[in-house]
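Working notes, beginning with the structure itself.
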Amino acid sequence: MPSDADRTEAIVDRVRAAHADGTRLAIVGGGSKAFYGHPVDGEPLEIGDHRGIVNYDPTELVLTARAGTPLAEVEQALADNGQMLAAEPPSFGGAATLGGTVAAGLSGPRRPWAGALRDHVLGVRLVDGRGRPGRFGGEVMKNVAGYDVSRLVTGALGTLGVITEVSLKVLPRAQTERTVLLDERAESLYGLVERALRAGTPVTGAAHDGSGTRLRIAGADSAVAAGAERLGGDVREDDDWWRDLRDHGLRFFSDRAGQALWRLALPPGADLPGLDGERLLDWGGQQLWLWSNADAGHIRLAADRAGGHATRFRGPDDDTPAFTPLDPAIMALHQRIKSVLDPHGILNPGRMYPEI
């Protein structure tokens, strides 16, 4: 296993040289999310050996680590102290790095109740497209200098800068966790969760896998026991199902010939779009995973009519935009931000949109 090391200087030198001669760079961490977005035509900029936990004080609920640090290493350090990353970002088989996790900005089953990953990013160190290192945000919530930049780079897929270090807010793990299995229809999931929350049940996961509903409840022993009794159904000790959902290890996520996996983000309580294909519903009804060979325009129109949007998460058609095309005014704003942080457009060009 590589030893902890600070490779900031080498990263800065590489980006400065690329800026000078216009060389495009494809940022590579653990490679666990190479399928996400579009392929980048550029020379690899490997940051996986820029790793190590820089600072972690469990009493302050803050952890800072270099971008190449394996996500599994971060999670183990937290688990050893009874803490966790509340947004449950996916590790996709264990190859994920902290920097790649933040760059992708993906959150797991707990997201509706604990917040998105970007809500827990306190600060980042970043090398911009000119090769200039900078620090944005900090290690405490009240330190807001550069705070918005750290939010911007979360989910930007490396198009705004090379993340070299991340500071995250962490939370204590629940005392007890249980899963309740219920025989309910997918369409009733949101209402079921709302009733449970109003009754004081500490819901931290709500999904429908096509055959039935699973609710995860977590908290103090007494609250979990009371919540499970109110819900009824089959109560079991929490197993690996939620982890497999987070990491796409469930059989549902296995590739299907000729089909793309779509992720539809929906507003709370929205009617589910009438689209053919195998489905899995997460986030209490606000995230719909769909396998389909339908036309991208048809899927995106259905998502739009429901008040949401659709992302081609992975699939065989690389010519279909992965992300919903932006309104011209919004795209112009994205391009202005890109031009400030990466004026020559050398960092992960086209990973999100051809224009940036």
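Residues are referred to by chain and number: the chain letter is A, B, ... according to the order shown in the structure tokens, the number counts from 1 in that chain, and ligands are numbered separately from 1 in the order shown.
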
Query - strand (DSSP E) call set, DSSP backbone run, range 246-303 of chain A, as a PyMOL selection string - result: chain A and resi 260-265+279-282+287-292

With range 84-90 of chain A as the partner and 10 Å as the cut-off, tabulate the residues of range 112-203 of chain A that qualify, each row holding the nearest pair of atoms and their distance in Å to one decimal, using only C-alpha atoms, sorted by chain and rising number, as JSON lines.
```
{"residue": "A:Pro112", "atom": "CA", "partner": "A:Ala87", "partner_atom": "CA", "distance": 8.8}
{"residue": "A:Trp113", "atom": "CA", "partner": "A:Ala87", "partner_atom": "CA", "distance": 8.8}
{"residue": "A:Ala114", "atom": "CA", "partner": "A:Ala86", "partner_atom": "CA", "distance": 5.9}
{"residue": "A:Gly115", "atom": "CA", "partner": "A:Ala87", "partner_atom": "CA", "distance": 6.2}
{"residue": "A:Ala116", "atom": "CA", "partner": "A:Ala87", "partner_atom": "CA", "distance": 5.6}
{"residue": "A:Leu117", "atom": "CA", "partner": "A:Ala87", "partner_atom": "CA", "distance": 5.2}
{"residue": "A:Arg118", "atom": "CA", "partner": "A:Ala87", "partner_atom": "CA", "distance": 8.8}
{"residue": "A:Asp119", "atom": "CA", "partner": "A:Ala87", "partner_atom": "CA", "distance": 8.6}
{"residue": "A:His120", "atom": "CA", "partner": "A:Ala87", "partner_atom": "CA", "distance": 7.8}
{"residue": "A:Leu168", "atom": "CA", "partner": "A:Leu85", "partner_atom": "CA", "distance": 8.2}
{"residue": "A:Lys169", "atom": "CA", "partner": "A:Leu85", "partner_atom": "CA", "distance": 7.8}
{"residue": "A:Val170", "atom": "CA", "partner": "A:Leu85", "partner_atom": "CA", "distance": 5.3}
{"residue": "A:Leu171", "atom": "CA", "partner": "A:Met84", "partner_atom": "CA", "distance": 5.6}
{"residue": "A:Pro172", "atom": "CA", "partner": "A:Met84", "partner_atom": "CA", "distance": 6.1}
{"residue": "A:Arg173", "atom": "CA", "partner": "A:Met84", "partner_atom": "CA", "distance": 5.8}
{"residue": "A:Ala174", "atom": "CA", "partner": "A:Met84", "partner_atom": "CA", "distance": 9.3}
```

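In this model, the gap between CA of Leu280 in chain A and CA of Ala104 in chain A comes to 21.2 Å.
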
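Shortest separation to Gly48 in chain A among A:Ala310, A:Leu197, A:Val28, A:Leu301 occurs at residue A:Val28, atoms counted being only C-alpha atoms.
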
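Shortest separation to Gly68 in chain A among A:Ser32, A:Gln335, A:Gln83, A:Thr164 occurs at residue A:Thr164, atoms counted being only C-alpha atoms.
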